[in-house]
Structure formats: C-alpha cells, structure tokens
file model-v9.txt (compact mmCIF, N, CA and C atoms and all ligand atoms)
# COMPACT_ATOMS: atom_id res chain seq x y z
N MET A 1 3.76 -12.07 14.51
CA MET A 1 3.95 -13.32 13.77
C MET A 1 2.84 -13.58 12.76
N ILE A 2 1.96 -12.59 12.61
CA ILE A 2 0.86 -12.76 11.65
C ILE A 2 1.42 -12.98 10.24
N ASN A 3 2.40 -12.19 9.90
CA ASN A 3 2.99 -12.31 8.57
C ASN A 3 3.56 -13.70 8.31
N LYS A 4 4.22 -14.21 9.30
CA LYS A 4 4.83 -15.55 9.17
C LYS A 4 3.74 -16.57 8.87
N LYS A 5 2.64 -16.46 9.60
CA LYS A 5 1.54 -17.40 9.42
C LYS A 5 0.98 -17.31 8.01
N LEU A 6 0.78 -16.08 7.54
CA LEU A 6 0.22 -15.87 6.21
C LEU A 6 1.12 -16.48 5.16
N GLU A 7 2.40 -16.33 5.37
CA GLU A 7 3.36 -16.82 4.39
C GLU A 7 3.29 -18.34 4.24
N VAL A 8 3.04 -19.02 5.33
CA VAL A 8 3.08 -20.49 5.26
C VAL A 8 1.70 -21.12 5.13
N SER A 9 0.63 -20.36 5.38
CA SER A 9 -0.70 -20.98 5.35
C SER A 9 -0.98 -21.54 3.97
N ALA A 10 -1.58 -22.71 3.96
CA ALA A 10 -1.71 -23.44 2.70
C ALA A 10 -3.06 -23.22 2.05
N ILE A 11 -3.09 -23.35 0.73
CA ILE A 11 -4.37 -23.42 0.03
C ILE A 11 -4.47 -24.82 -0.57
N LYS A 12 -5.71 -25.28 -0.76
CA LYS A 12 -5.90 -26.66 -1.25
C LYS A 12 -5.54 -26.75 -2.74
N ASP A 13 -6.21 -25.94 -3.53
CA ASP A 13 -5.94 -25.90 -4.96
C ASP A 13 -5.85 -24.45 -5.39
N GLY A 14 -4.93 -24.16 -6.26
CA GLY A 14 -4.86 -22.79 -6.76
C GLY A 14 -3.45 -22.38 -7.11
N THR A 15 -3.21 -21.08 -7.06
CA THR A 15 -1.93 -20.52 -7.50
C THR A 15 -1.39 -19.57 -6.44
N VAL A 16 -0.12 -19.71 -6.15
CA VAL A 16 0.56 -18.77 -5.26
C VAL A 16 1.56 -18.00 -6.11
N ILE A 17 1.45 -16.68 -6.10
CA ILE A 17 2.41 -15.85 -6.84
C ILE A 17 3.35 -15.23 -5.82
N ASP A 18 4.60 -15.59 -5.91
CA ASP A 18 5.61 -15.15 -4.95
C ASP A 18 6.61 -14.22 -5.66
N HIS A 19 7.40 -13.51 -4.87
CA HIS A 19 8.44 -12.64 -5.39
C HIS A 19 7.90 -11.50 -6.26
N ILE A 20 6.82 -10.90 -5.78
CA ILE A 20 6.32 -9.67 -6.40
C ILE A 20 6.97 -8.51 -5.64
N PRO A 21 7.58 -7.55 -6.33
CA PRO A 21 8.12 -6.41 -5.59
C PRO A 21 7.01 -5.73 -4.79
N ALA A 22 7.26 -5.45 -3.51
CA ALA A 22 6.20 -4.93 -2.63
C ALA A 22 5.51 -3.71 -3.21
N ASP A 23 6.26 -2.81 -3.83
CA ASP A 23 5.64 -1.58 -4.33
C ASP A 23 4.87 -1.79 -5.63
N HIS A 24 4.88 -3.00 -6.17
CA HIS A 24 4.10 -3.27 -7.38
C HIS A 24 2.93 -4.23 -7.14
N LEU A 25 2.65 -4.50 -5.86
CA LEU A 25 1.58 -5.45 -5.55
C LEU A 25 0.25 -5.04 -6.17
N PHE A 26 -0.12 -3.78 -6.00
CA PHE A 26 -1.45 -3.38 -6.48
C PHE A 26 -1.50 -3.28 -8.00
N MET A 27 -0.35 -3.01 -8.60
CA MET A 27 -0.26 -3.05 -10.06
C MET A 27 -0.53 -4.47 -10.56
N VAL A 28 0.07 -5.44 -9.90
CA VAL A 28 -0.14 -6.84 -10.30
C VAL A 28 -1.62 -7.23 -10.11
N ILE A 29 -2.22 -6.79 -9.01
CA ILE A 29 -3.64 -7.07 -8.76
C ILE A 29 -4.50 -6.48 -9.89
N ASN A 30 -4.15 -5.26 -10.31
CA ASN A 30 -4.89 -4.62 -11.42
C ASN A 30 -4.70 -5.36 -12.73
N ILE A 31 -3.46 -5.71 -13.04
CA ILE A 31 -3.17 -6.35 -14.32
C ILE A 31 -3.91 -7.68 -14.43
N LEU A 32 -3.97 -8.41 -13.32
CA LEU A 32 -4.64 -9.71 -13.34
C LEU A 32 -6.15 -9.60 -13.11
N LYS A 33 -6.61 -8.34 -12.93
CA LYS A 33 -8.04 -8.08 -12.70
C LYS A 33 -8.61 -8.90 -11.55
N LEU A 34 -7.83 -8.97 -10.46
CA LEU A 34 -8.24 -9.79 -9.32
C LEU A 34 -9.45 -9.21 -8.60
N ASN A 35 -9.73 -7.92 -8.86
CA ASN A 35 -10.92 -7.32 -8.26
C ASN A 35 -12.21 -7.85 -8.90
N GLU A 36 -12.06 -8.54 -10.03
CA GLU A 36 -13.25 -9.03 -10.74
C GLU A 36 -13.56 -10.49 -10.47
N ILE A 37 -12.74 -11.16 -9.65
CA ILE A 37 -13.02 -12.58 -9.43
C ILE A 37 -13.60 -12.80 -8.03
N ASP A 38 -14.35 -13.89 -7.89
CA ASP A 38 -15.05 -14.17 -6.63
C ASP A 38 -14.29 -15.16 -5.75
N ASN A 39 -13.16 -15.66 -6.23
CA ASN A 39 -12.42 -16.66 -5.46
C ASN A 39 -11.78 -16.03 -4.23
N THR A 40 -11.39 -16.88 -3.31
CA THR A 40 -10.70 -16.39 -2.11
C THR A 40 -9.29 -15.95 -2.48
N ILE A 41 -8.97 -14.72 -2.10
CA ILE A 41 -7.63 -14.18 -2.38
C ILE A 41 -7.01 -13.77 -1.06
N THR A 42 -5.79 -14.21 -0.84
CA THR A 42 -5.04 -13.76 0.33
C THR A 42 -3.80 -13.10 -0.17
N PHE A 43 -3.50 -11.90 0.33
CA PHE A 43 -2.20 -11.37 -0.04
C PHE A 43 -1.52 -10.73 1.15
N GLY A 44 -0.22 -10.74 1.07
CA GLY A 44 0.58 -10.13 2.12
C GLY A 44 1.71 -9.37 1.47
N THR A 45 2.15 -8.34 2.13
CA THR A 45 3.23 -7.57 1.53
C THR A 45 4.26 -7.16 2.57
N ASN A 46 5.37 -6.67 2.07
CA ASN A 46 6.50 -6.24 2.89
C ASN A 46 7.17 -7.38 3.64
N PHE A 47 7.11 -8.57 3.05
CA PHE A 47 7.94 -9.66 3.57
C PHE A 47 9.38 -9.37 3.19
N GLU A 48 10.29 -9.81 4.03
CA GLU A 48 11.70 -9.62 3.68
C GLU A 48 12.08 -10.56 2.55
N SER A 49 12.87 -10.04 1.62
CA SER A 49 13.35 -10.86 0.52
C SER A 49 14.79 -10.47 0.21
N LYS A 50 15.63 -11.48 0.14
CA LYS A 50 17.03 -11.19 -0.17
C LYS A 50 17.17 -10.59 -1.56
N LYS A 51 16.35 -11.11 -2.49
CA LYS A 51 16.44 -10.66 -3.88
C LYS A 51 15.84 -9.27 -4.09
N LEU A 52 14.69 -9.03 -3.47
CA LEU A 52 13.90 -7.85 -3.82
C LEU A 52 13.87 -6.78 -2.74
N GLY A 53 14.44 -7.06 -1.57
CA GLY A 53 14.29 -6.12 -0.46
C GLY A 53 13.00 -6.42 0.27
N ARG A 54 11.88 -5.94 -0.31
CA ARG A 54 10.58 -6.26 0.26
C ARG A 54 9.70 -6.86 -0.83
N LYS A 55 9.04 -7.94 -0.50
CA LYS A 55 8.24 -8.61 -1.53
C LYS A 55 6.81 -8.80 -1.06
N ALA A 56 5.95 -9.10 -2.03
CA ALA A 56 4.56 -9.40 -1.75
C ALA A 56 4.24 -10.79 -2.30
N ILE A 57 3.23 -11.40 -1.70
CA ILE A 57 2.78 -12.73 -2.12
C ILE A 57 1.26 -12.68 -2.29
N ILE A 58 0.76 -13.31 -3.34
CA ILE A 58 -0.70 -13.41 -3.54
C ILE A 58 -1.06 -14.90 -3.62
N LYS A 59 -2.07 -15.31 -2.87
CA LYS A 59 -2.55 -16.69 -2.94
C LYS A 59 -3.98 -16.69 -3.44
N LEU A 60 -4.23 -17.50 -4.46
CA LEU A 60 -5.53 -17.52 -5.10
C LEU A 60 -6.10 -18.93 -5.08
N SER A 61 -7.21 -19.09 -4.40
CA SER A 61 -7.83 -20.41 -4.34
C SER A 61 -8.57 -20.71 -5.64
N ASP A 62 -8.31 -21.88 -6.19
CA ASP A 62 -9.00 -22.36 -7.39
C ASP A 62 -8.85 -21.43 -8.59
N VAL A 63 -7.72 -20.74 -8.66
CA VAL A 63 -7.44 -19.91 -9.83
C VAL A 63 -6.19 -20.45 -10.51
N PHE A 64 -6.30 -20.67 -11.80
CA PHE A 64 -5.15 -21.13 -12.59
C PHE A 64 -5.08 -20.24 -13.82
N PHE A 65 -3.91 -19.66 -14.07
CA PHE A 65 -3.80 -18.68 -15.15
C PHE A 65 -3.32 -19.33 -16.44
N LYS A 66 -3.75 -18.73 -17.55
CA LYS A 66 -3.16 -19.08 -18.83
C LYS A 66 -1.83 -18.37 -18.93
N GLU A 67 -0.88 -18.99 -19.63
CA GLU A 67 0.46 -18.41 -19.72
C GLU A 67 0.44 -16.97 -20.25
N LYS A 68 -0.35 -16.73 -21.28
CA LYS A 68 -0.34 -15.39 -21.89
C LYS A 68 -0.91 -14.34 -20.92
N ASP A 69 -1.80 -14.76 -20.04
CA ASP A 69 -2.36 -13.82 -19.07
C ASP A 69 -1.37 -13.53 -17.95
N ILE A 70 -0.73 -14.57 -17.45
CA ILE A 70 0.17 -14.37 -16.32
C ILE A 70 1.45 -13.64 -16.76
N ASN A 71 1.86 -13.84 -18.01
CA ASN A 71 3.08 -13.18 -18.48
C ASN A 71 2.95 -11.66 -18.52
N ARG A 72 1.72 -11.16 -18.50
CA ARG A 72 1.52 -9.70 -18.48
C ARG A 72 2.12 -9.07 -17.23
N ILE A 73 2.22 -9.83 -16.13
CA ILE A 73 2.75 -9.23 -14.91
C ILE A 73 4.28 -9.08 -14.95
N ALA A 74 4.91 -9.70 -15.97
CA ALA A 74 6.38 -9.63 -16.06
C ALA A 74 6.88 -8.20 -16.20
N LEU A 75 6.03 -7.30 -16.69
CA LEU A 75 6.42 -5.89 -16.79
C LEU A 75 6.76 -5.31 -15.42
N PHE A 76 6.00 -5.72 -14.40
CA PHE A 76 6.17 -5.12 -13.07
C PHE A 76 6.67 -6.11 -12.02
N ALA A 77 6.66 -7.37 -12.36
CA ALA A 77 7.16 -8.39 -11.42
C ALA A 77 7.95 -9.44 -12.21
N PRO A 78 9.08 -9.01 -12.80
CA PRO A 78 9.81 -9.92 -13.69
C PRO A 78 10.36 -11.16 -12.99
N GLN A 79 10.53 -11.08 -11.67
CA GLN A 79 11.08 -12.24 -10.95
C GLN A 79 10.00 -13.07 -10.28
N ALA A 80 8.75 -12.78 -10.61
CA ALA A 80 7.65 -13.51 -9.97
C ALA A 80 7.77 -15.01 -10.20
N LYS A 81 7.43 -15.76 -9.15
CA LYS A 81 7.44 -17.22 -9.22
C LYS A 81 6.02 -17.70 -8.92
N LEU A 82 5.56 -18.64 -9.73
CA LEU A 82 4.23 -19.20 -9.50
C LEU A 82 4.34 -20.62 -8.99
N ASN A 83 3.62 -20.90 -7.93
CA ASN A 83 3.49 -22.27 -7.46
C ASN A 83 2.06 -22.71 -7.74
N ILE A 84 1.93 -23.78 -8.50
CA ILE A 84 0.61 -24.32 -8.79
C ILE A 84 0.34 -25.40 -7.75
N ILE A 85 -0.77 -25.22 -7.02
CA ILE A 85 -1.07 -26.11 -5.89
C ILE A 85 -2.25 -27.01 -6.24
N LYS A 86 -2.05 -28.32 -6.02
CA LYS A 86 -3.16 -29.28 -6.15
C LYS A 86 -3.15 -30.14 -4.90
N ASP A 87 -4.28 -30.15 -4.20
CA ASP A 87 -4.40 -30.94 -2.99
C ASP A 87 -3.28 -30.63 -1.99
N TYR A 88 -3.06 -29.37 -1.75
CA TYR A 88 -2.07 -28.83 -0.80
C TYR A 88 -0.61 -29.04 -1.20
N LYS A 89 -0.38 -29.62 -2.35
CA LYS A 89 1.01 -29.85 -2.77
C LYS A 89 1.37 -28.98 -3.98
N VAL A 90 2.62 -28.54 -4.02
CA VAL A 90 3.10 -27.80 -5.20
C VAL A 90 3.33 -28.82 -6.31
N VAL A 91 2.54 -28.74 -7.36
CA VAL A 91 2.69 -29.70 -8.45
C VAL A 91 3.48 -29.12 -9.62
N GLU A 92 3.62 -27.79 -9.63
CA GLU A 92 4.36 -27.17 -10.71
C GLU A 92 4.86 -25.81 -10.28
N LYS A 93 6.07 -25.46 -10.72
CA LYS A 93 6.60 -24.12 -10.47
C LYS A 93 6.82 -23.45 -11.81
N LYS A 94 6.46 -22.19 -11.89
CA LYS A 94 6.60 -21.47 -13.16
C LYS A 94 7.22 -20.10 -12.92
N THR A 95 7.90 -19.61 -13.92
CA THR A 95 8.36 -18.23 -13.88
C THR A 95 7.57 -17.46 -14.94
N VAL A 96 7.69 -16.16 -14.94
CA VAL A 96 6.99 -15.37 -15.96
C VAL A 96 8.00 -14.87 -16.98
N GLU A 97 7.52 -14.68 -18.19
CA GLU A 97 8.41 -14.17 -19.23
C GLU A 97 7.72 -13.02 -19.95
N LEU A 98 8.47 -11.95 -20.12
CA LEU A 98 7.91 -10.79 -20.80
C LEU A 98 7.53 -11.18 -22.23
N PRO A 99 6.28 -10.92 -22.62
CA PRO A 99 5.88 -11.25 -23.99
C PRO A 99 6.56 -10.32 -25.00
N ASP A 100 6.46 -10.65 -26.29
CA ASP A 100 7.06 -9.81 -27.33
C ASP A 100 6.28 -8.53 -27.55
N GLU A 101 5.00 -8.59 -27.22
CA GLU A 101 4.16 -7.41 -27.40
C GLU A 101 3.27 -7.23 -26.18
N ILE A 102 2.99 -5.97 -25.85
CA ILE A 102 2.16 -5.65 -24.70
C ILE A 102 0.96 -4.84 -25.20
N PHE A 103 -0.23 -5.31 -24.89
CA PHE A 103 -1.44 -4.58 -25.27
C PHE A 103 -2.08 -4.03 -24.00
N GLY A 104 -2.34 -2.74 -23.99
CA GLY A 104 -2.94 -2.14 -22.80
C GLY A 104 -1.93 -2.05 -21.67
N ILE A 105 -2.40 -2.18 -20.46
CA ILE A 105 -1.64 -2.14 -19.19
C ILE A 105 -1.09 -0.75 -18.87
N ILE A 106 -0.29 -0.17 -19.77
CA ILE A 106 0.30 1.14 -19.46
C ILE A 106 0.04 2.15 -20.58
N ARG A 107 0.24 3.42 -20.22
CA ARG A 107 0.11 4.51 -21.20
C ARG A 107 1.40 4.67 -21.98
N CYS A 108 1.30 5.31 -23.13
CA CYS A 108 2.49 5.69 -23.89
C CYS A 108 3.07 6.96 -23.27
N VAL A 109 4.40 7.04 -23.27
CA VAL A 109 5.10 8.16 -22.64
C VAL A 109 4.91 9.47 -23.44
N ASN A 110 4.58 9.32 -24.69
CA ASN A 110 4.48 10.49 -25.58
C ASN A 110 3.11 11.17 -25.45
N PRO A 111 3.07 12.40 -24.92
CA PRO A 111 1.77 13.07 -24.73
C PRO A 111 1.02 13.29 -26.04
N LYS A 112 1.75 13.32 -27.16
CA LYS A 112 1.09 13.55 -28.46
C LYS A 112 0.61 12.26 -29.11
N CYS A 113 0.95 11.13 -28.50
CA CYS A 113 0.58 9.83 -29.11
C CYS A 113 -0.94 9.72 -29.22
N ILE A 114 -1.37 9.14 -30.33
CA ILE A 114 -2.82 9.00 -30.60
C ILE A 114 -3.53 8.22 -29.48
N THR A 115 -2.80 7.30 -28.83
CA THR A 115 -3.42 6.48 -27.78
C THR A 115 -3.75 7.31 -26.53
N ASN A 116 -3.14 8.49 -26.43
CA ASN A 116 -3.44 9.37 -25.31
C ASN A 116 -4.57 10.34 -25.63
N HIS A 117 -5.08 10.28 -26.86
CA HIS A 117 -6.14 11.22 -27.27
C HIS A 117 -7.39 10.53 -27.76
N GLU A 118 -7.24 9.33 -28.28
CA GLU A 118 -8.41 8.62 -28.79
C GLU A 118 -8.55 7.29 -28.09
N LYS A 119 -9.72 6.71 -28.20
CA LYS A 119 -9.97 5.44 -27.52
C LYS A 119 -9.31 4.29 -28.28
N ILE A 120 -8.00 4.27 -28.22
CA ILE A 120 -7.24 3.22 -28.88
C ILE A 120 -6.40 2.52 -27.82
N LYS A 121 -6.46 1.21 -27.80
CA LYS A 121 -5.69 0.44 -26.83
C LYS A 121 -4.20 0.59 -27.13
N THR A 122 -3.39 0.84 -26.10
CA THR A 122 -1.95 0.96 -26.35
C THR A 122 -1.38 -0.39 -26.80
N HIS A 123 -0.35 -0.31 -27.60
CA HIS A 123 0.27 -1.50 -28.18
C HIS A 123 1.77 -1.23 -28.28
N PHE A 124 2.54 -2.02 -27.57
CA PHE A 124 3.99 -1.83 -27.56
C PHE A 124 4.70 -3.09 -28.02
N LYS A 125 5.82 -2.89 -28.71
CA LYS A 125 6.72 -4.01 -28.99
C LYS A 125 7.82 -3.98 -27.92
N VAL A 126 8.13 -5.13 -27.37
CA VAL A 126 9.18 -5.19 -26.35
C VAL A 126 10.52 -5.26 -27.08
N ILE A 127 11.30 -4.17 -26.99
CA ILE A 127 12.56 -4.15 -27.75
C ILE A 127 13.75 -4.56 -26.90
N ASP A 128 13.59 -4.53 -25.58
CA ASP A 128 14.67 -4.97 -24.71
C ASP A 128 14.04 -5.61 -23.47
N LYS A 129 14.08 -6.95 -23.42
CA LYS A 129 13.40 -7.65 -22.33
C LYS A 129 14.11 -7.44 -21.00
N GLN A 130 15.42 -7.35 -21.05
CA GLN A 130 16.20 -7.16 -19.83
C GLN A 130 15.91 -5.80 -19.19
N ALA A 131 15.99 -4.77 -20.02
CA ALA A 131 15.77 -3.40 -19.52
C ALA A 131 14.29 -3.03 -19.51
N ARG A 132 13.45 -3.89 -20.04
CA ARG A 132 12.00 -3.67 -20.14
C ARG A 132 11.69 -2.36 -20.86
N MET A 133 12.24 -2.22 -22.07
CA MET A 133 11.97 -1.05 -22.89
C MET A 133 10.93 -1.41 -23.94
N LEU A 134 9.94 -0.53 -24.08
CA LEU A 134 8.82 -0.80 -24.97
C LEU A 134 8.72 0.26 -26.05
N LEU A 135 8.57 -0.20 -27.27
CA LEU A 135 8.43 0.72 -28.40
C LEU A 135 6.95 0.82 -28.78
N CYS A 136 6.45 2.05 -28.79
CA CYS A 136 5.04 2.24 -29.12
C CYS A 136 4.79 1.92 -30.60
N HIS A 137 3.79 1.10 -30.85
CA HIS A 137 3.44 0.70 -32.21
C HIS A 137 2.92 1.90 -33.02
N PHE A 138 2.34 2.88 -32.35
CA PHE A 138 1.71 4.00 -33.05
C PHE A 138 2.66 5.18 -33.29
N CYS A 139 3.44 5.55 -32.28
CA CYS A 139 4.27 6.76 -32.44
C CYS A 139 5.77 6.45 -32.41
N GLU A 140 6.12 5.19 -32.13
CA GLU A 140 7.51 4.73 -32.14
C GLU A 140 8.40 5.38 -31.08
N LYS A 141 7.78 5.95 -30.05
CA LYS A 141 8.57 6.44 -28.91
C LYS A 141 8.83 5.26 -27.96
N VAL A 142 9.97 5.33 -27.27
CA VAL A 142 10.31 4.26 -26.34
C VAL A 142 9.83 4.63 -24.93
N THR A 143 9.13 3.70 -24.31
CA THR A 143 8.54 3.92 -23.00
C THR A 143 9.18 2.97 -21.98
N ASP A 144 9.54 3.54 -20.84
CA ASP A 144 10.02 2.72 -19.73
C ASP A 144 8.82 2.52 -18.79
N PRO A 145 8.35 1.28 -18.61
CA PRO A 145 7.12 1.07 -17.84
C PRO A 145 7.16 1.61 -16.42
N GLU A 146 8.35 1.76 -15.85
CA GLU A 146 8.47 2.28 -14.48
C GLU A 146 8.13 3.76 -14.43
N LYS A 147 8.19 4.44 -15.59
CA LYS A 147 8.07 5.89 -15.56
C LYS A 147 6.74 6.42 -16.12
N VAL A 148 5.82 5.52 -16.42
CA VAL A 148 4.53 5.99 -16.94
C VAL A 148 3.38 5.48 -16.09
N ASP A 149 2.20 6.03 -16.36
CA ASP A 149 1.03 5.61 -15.60
C ASP A 149 0.47 4.31 -16.15
N ALA A 150 -0.09 3.56 -15.24
CA ALA A 150 -0.82 2.37 -15.65
C ALA A 150 -2.18 2.81 -16.18
N LEU A 151 -2.79 1.99 -17.00
CA LEU A 151 -4.12 2.32 -17.53
C LEU A 151 -5.19 1.93 -16.51
ZN ZN A 201 2.81 6.16 -28.55

call {"tool": "encode", "arguments": {"input": "model-v9.txt", "output": "structure tokens"}}
result
Amino acid sequence: MINKKLEVSAIKDGTVIDHIPADHLFMVINILKLNEIDNTITFGTNFESKKLGRKAIIKLSDVFFKEKDINRIALFAPQAKLNIIKDYKVVEKKTVELPDEIFGIIRCVNPKCITNHEKIKTHFKVIDKQARMLLCHFCEKVTDPEKVDAL
C-alpha cells in the first residue's frame, strides 16, 4: 500500500505533475532539470492508469513552472496534468501544450545534420502536434521524438 499512500500524500505548496507515461518519467525529470533543484521532490511510477496503462507522478514542493518551461514536457508527456497546490488545496489545474518550436531536448534523426557534428543547439519546428512530428530547422529532416536520443 506504499504506492497508494504516495499517490494521496499532500504537499503544502507546489506542483503535482500527473499522467506522465511511466516509461518517460526520467525523460521528464531531465527536461525539467529536476536534478538541479534543492526542493523536496517525491515521485512514484507504475501506478495504474486507464488512459496510459502505467503512469508516473511527480510532486514538487514550492516549485511553480513557467508555461514555456512546462510545455517542453509535452513532447514526452502530452497528457500530463498539473495541479497547482496552495495551502494543501488545488487552486489551479493545467494541461501542457506542445510549443511551435523545440530548442534542445532531443537530437536530430539525421546523422549528417550539423547539430550532430558541431556545438549547435537543436532547433525543430513542430509540424504536426498530434503526431508529434518535428522538422529540423537546419537540415529539414523530420524527426519522431520517440525514435531519437534525448540530449
Ligand atoms: Zn537536422
């Protein structure tokens, strides 16, 4: 019953990110650079989810994200739900939306792309938000984020 407890345990102020696909939990942690913050972080994974099969949840005490920062996780957790907690109560619920452009996060699929050879940050235009298809700004190859390495 440890999992059950973790799922319901409350934080006073902060953000709860729910509905992260279980196999993308560590990707989301990387994208949000959670290894660089000193706040209390609780996460649990492999909870049952009707929508996702298995999901992960991250709870962050006293962390509130800017929209442009949190939207970066939409590449790997498009159904993520954010609960903003103030004084133990959910004061706001948010969803994430894939931005029009993605900087960094993943590699370009094209081995000949300049971003794979020089110190240039990858830059993609999102050409299909539903299918999550990304067009490389430099070589114009289409990359599927599920099939490439994260940076
Ligand atoms: Zn490229």

call {"tool": "residues_near_ligand", "arguments": {"input": "model-v9.txt", "ligand": "ligand ZN 201 (chain A)", "cutoff": "9 Å", "atoms": "only C-alpha atoms and all ligand atoms", "output": "list in words"}}
result
Arg107, Cys108, Val109, Asn110, Pro111, Lys112, Cys113, Ile114, Thr115, Asn116, Thr122, His123, Phe124, Leu135, Cys136, His137, Phe138, Cys139, Glu140, Lys141, Val142 and Thr143 of chain A

call {"tool": "atom_distance", "arguments": {"input": "model-v9.txt", "atom1": "CA of Arg54 (chain A)", "atom2": "CA of Pro21 (chain A)"}}
result
6.3 Å

call {"tool": "atom_distance", "arguments": {"input": "model-v9.txt", "atom1": "atom N of Ile41 (chain A)", "atom2": "CA of Gly14 (chain A)"}}
result
10.2 Å

call {"tool": "residues_around", "arguments": {"input": "model-v9.txt", "residues": "Thr40 (chain A)", "least_positions_apart": "6", "cutoff": "9 Å", "atoms": "only C-alpha atoms", "output": "list in words"}}
result
Lys59, Leu60, Ser61 and Asp62 of chain A

call {"tool": "atom_distance", "arguments": {"input": "model-v9.txt", "atom1": "atom C of Leu32 (chain A)", "atom2": "atom C of Ile105 (chain A)"}}
result
11.7 Å

call {"tool": "select_by_dssp", "arguments": {"input": "model-v9.txt", "residues": "region 18-135 of chain A", "states": "alpha helix (DSSP H)", "output": "MDAnalysis selection string"}}
result
chainID A and resid 25:31 67:70

call {"tool": "closest_residue", "arguments": {"input": "model-v9.txt", "among": "A:Lys50, A:Asp128, A:Lys12, A:Ile58", "to": "Asp87 (chain A)", "atoms": "all atoms listed in the file"}}
result
A:Lys12

call {"tool": "closest_residue", "arguments": {"input": "model-v9.txt", "among": "A:Asn30, A:Thr15, A:Gln130, A:Asn35", "to": "Val63 (chain A)", "atoms": "all atoms listed in the file"}}
result
A:Thr15

call {"tool": "select_by_dssp", "arguments": {"input": "model-v9.txt", "residues": "chain A", "states": "strand (DSSP E or B)", "output": "ChimeraX atom specification"}}
result
/A:14-21,41-49,53-61,81-86,89-95,101-103,106,123-128,133-136,142-143,150

call {"tool": "residues_near_point", "arguments": {"input": "model-v9.txt", "point": "(-3.5, -17.0, -12.9)", "cutoff": "12 Å", "atoms": "only C-alpha atoms", "output": "ChimeraX atom specification"}}
result
/A:14-17,28-29,31-34,37,39,41,58-73,81-85,94-96

call {"tool": "write_last_selection", "arguments": {"input": "model-v9.txt", "atoms": "N, CA and C atoms", "output": "short mmCIF file (atom, residue, chain, number, x, y, z; two decimals), keeping the file's coordinate frame"}}
result
data_model
loop_
_atom_site.label_atom_id
_atom_site.label_comp_id
_atom_site.auth_asym_id
_atom_site.auth_seq_id
_atom_site.Cartn_x
_atom_site.Cartn_y
_atom_site.Cartn_z
N GLY A 14 -4.93 -24.16 -6.26
CA GLY A 14 -4.86 -22.79 -6.76
C GLY A 14 -3.45 -22.38 -7.11
N THR A 15 -3.21 -21.08 -7.06
CA THR A 15 -1.93 -20.52 -7.50
C THR A 15 -1.39 -19.57 -6.44
N VAL A 16 -0.12 -19.71 -6.15
CA VAL A 16 0.56 -18.77 -5.26
C VAL A 16 1.56 -18.00 -6.11
N ILE A 17 1.45 -16.68 -6.10
CA ILE A 17 2.41 -15.85 -6.84
C ILE A 17 3.35 -15.23 -5.82
N VAL A 28 0.07 -5.44 -9.90
CA VAL A 28 -0.14 -6.84 -10.30
C VAL A 28 -1.62 -7.23 -10.11
N ILE A 29 -2.22 -6.79 -9.01
CA ILE A 29 -3.64 -7.07 -8.76
C ILE A 29 -4.50 -6.48 -9.89
N ILE A 31 -3.46 -5.71 -13.04
CA ILE A 31 -3.17 -6.35 -14.32
C ILE A 31 -3.91 -7.68 -14.43
N LEU A 32 -3.97 -8.41 -13.32
CA LEU A 32 -4.64 -9.71 -13.34
C LEU A 32 -6.15 -9.60 -13.11
N LYS A 33 -6.61 -8.34 -12.93
CA LYS A 33 -8.04 -8.08 -12.70
C LYS A 33 -8.61 -8.90 -11.55
N LEU A 34 -7.83 -8.97 -10.46
CA LEU A 34 -8.24 -9.79 -9.32
C LEU A 34 -9.45 -9.21 -8.60
N ILE A 37 -12.74 -11.16 -9.65
CA ILE A 37 -13.02 -12.58 -9.43
C ILE A 37 -13.60 -12.80 -8.03
N ASN A 39 -13.16 -15.66 -6.23
CA ASN A 39 -12.42 -16.66 -5.46
C ASN A 39 -11.78 -16.03 -4.23
N ILE A 41 -8.97 -14.72 -2.10
CA ILE A 41 -7.63 -14.18 -2.38
C ILE A 41 -7.01 -13.77 -1.06
N ILE A 58 0.76 -13.31 -3.34
CA ILE A 58 -0.70 -13.41 -3.54
C ILE A 58 -1.06 -14.90 -3.62
N LYS A 59 -2.07 -15.31 -2.87
CA LYS A 59 -2.55 -16.69 -2.94
C LYS A 59 -3.98 -16.69 -3.44
N LEU A 60 -4.23 -17.50 -4.46
CA LEU A 60 -5.53 -17.52 -5.10
C LEU A 60 -6.10 -18.93 -5.08
N SER A 61 -7.21 -19.09 -4.40
CA SER A 61 -7.83 -20.41 -4.34
C SER A 61 -8.57 -20.71 -5.64
N ASP A 62 -8.31 -21.88 -6.19
CA ASP A 62 -9.00 -22.36 -7.39
C ASP A 62 -8.85 -21.43 -8.59
N VAL A 63 -7.72 -20.74 -8.66
CA VAL A 63 -7.44 -19.91 -9.83
C VAL A 63 -6.19 -20.45 -10.51
N PHE A 64 -6.30 -20.67 -11.80
CA PHE A 64 -5.15 -21.13 -12.59
C PHE A 64 -5.08 -20.24 -13.82
N PHE A 65 -3.91 -19.66 -14.07
CA PHE A 65 -3.80 -18.68 -15.15
C PHE A 65 -3.32 -19.33 -16.44
N LYS A 66 -3.75 -18.73 -17.55
CA LYS A 66 -3.16 -19.08 -18.83
C LYS A 66 -1.83 -18.37 -18.93
N GLU A 67 -0.88 -18.99 -19.63
CA GLU A 67 0.46 -18.41 -19.72
C GLU A 67 0.44 -16.97 -20.25
N LYS A 68 -0.35 -16.73 -21.28
CA LYS A 68 -0.34 -15.39 -21.89
C LYS A 68 -0.91 -14.34 -20.92
N ASP A 69 -1.80 -14.76 -20.04
CA ASP A 69 -2.36 -13.82 -19.07
C ASP A 69 -1.37 -13.53 -17.95
N ILE A 70 -0.73 -14.57 -17.45
CA ILE A 70 0.17 -14.37 -16.32
C ILE A 70 1.45 -13.64 -16.76
N ASN A 71 1.86 -13.84 -18.01
CA ASN A 71 3.08 -13.18 -18.48
C ASN A 71 2.95 -11.66 -18.52
N ARG A 72 1.72 -11.16 -18.50
CA ARG A 72 1.52 -9.70 -18.48
C ARG A 72 2.12 -9.07 -17.23
N ILE A 73 2.22 -9.83 -16.13
CA ILE A 73 2.75 -9.23 -14.91
C ILE A 73 4.28 -9.08 -14.95
N LYS A 81 7.43 -15.76 -9.15
CA LYS A 81 7.44 -17.22 -9.22
C LYS A 81 6.02 -17.70 -8.92
N LEU A 82 5.56 -18.64 -9.73
CA LEU A 82 4.23 -19.20 -9.50
C LEU A 82 4.34 -20.62 -8.99
N ASN A 83 3.62 -20.90 -7.93
CA ASN A 83 3.49 -22.27 -7.46
C ASN A 83 2.06 -22.71 -7.74
N ILE A 84 1.93 -23.78 -8.50
CA ILE A 84 0.61 -24.32 -8.79
C ILE A 84 0.34 -25.40 -7.75
N ILE A 85 -0.77 -25.22 -7.02
CA ILE A 85 -1.07 -26.11 -5.89
C ILE A 85 -2.25 -27.01 -6.24
N LYS A 94 6.46 -22.19 -11.89
CA LYS A 94 6.60 -21.47 -13.16
C LYS A 94 7.22 -20.10 -12.92
N THR A 95 7.90 -19.61 -13.92
CA THR A 95 8.36 -18.23 -13.88
C THR A 95 7.57 -17.46 -14.94
N VAL A 96 7.69 -16.16 -14.94
CA VAL A 96 6.99 -15.37 -15.96
C VAL A 96 8.00 -14.87 -16.98
#
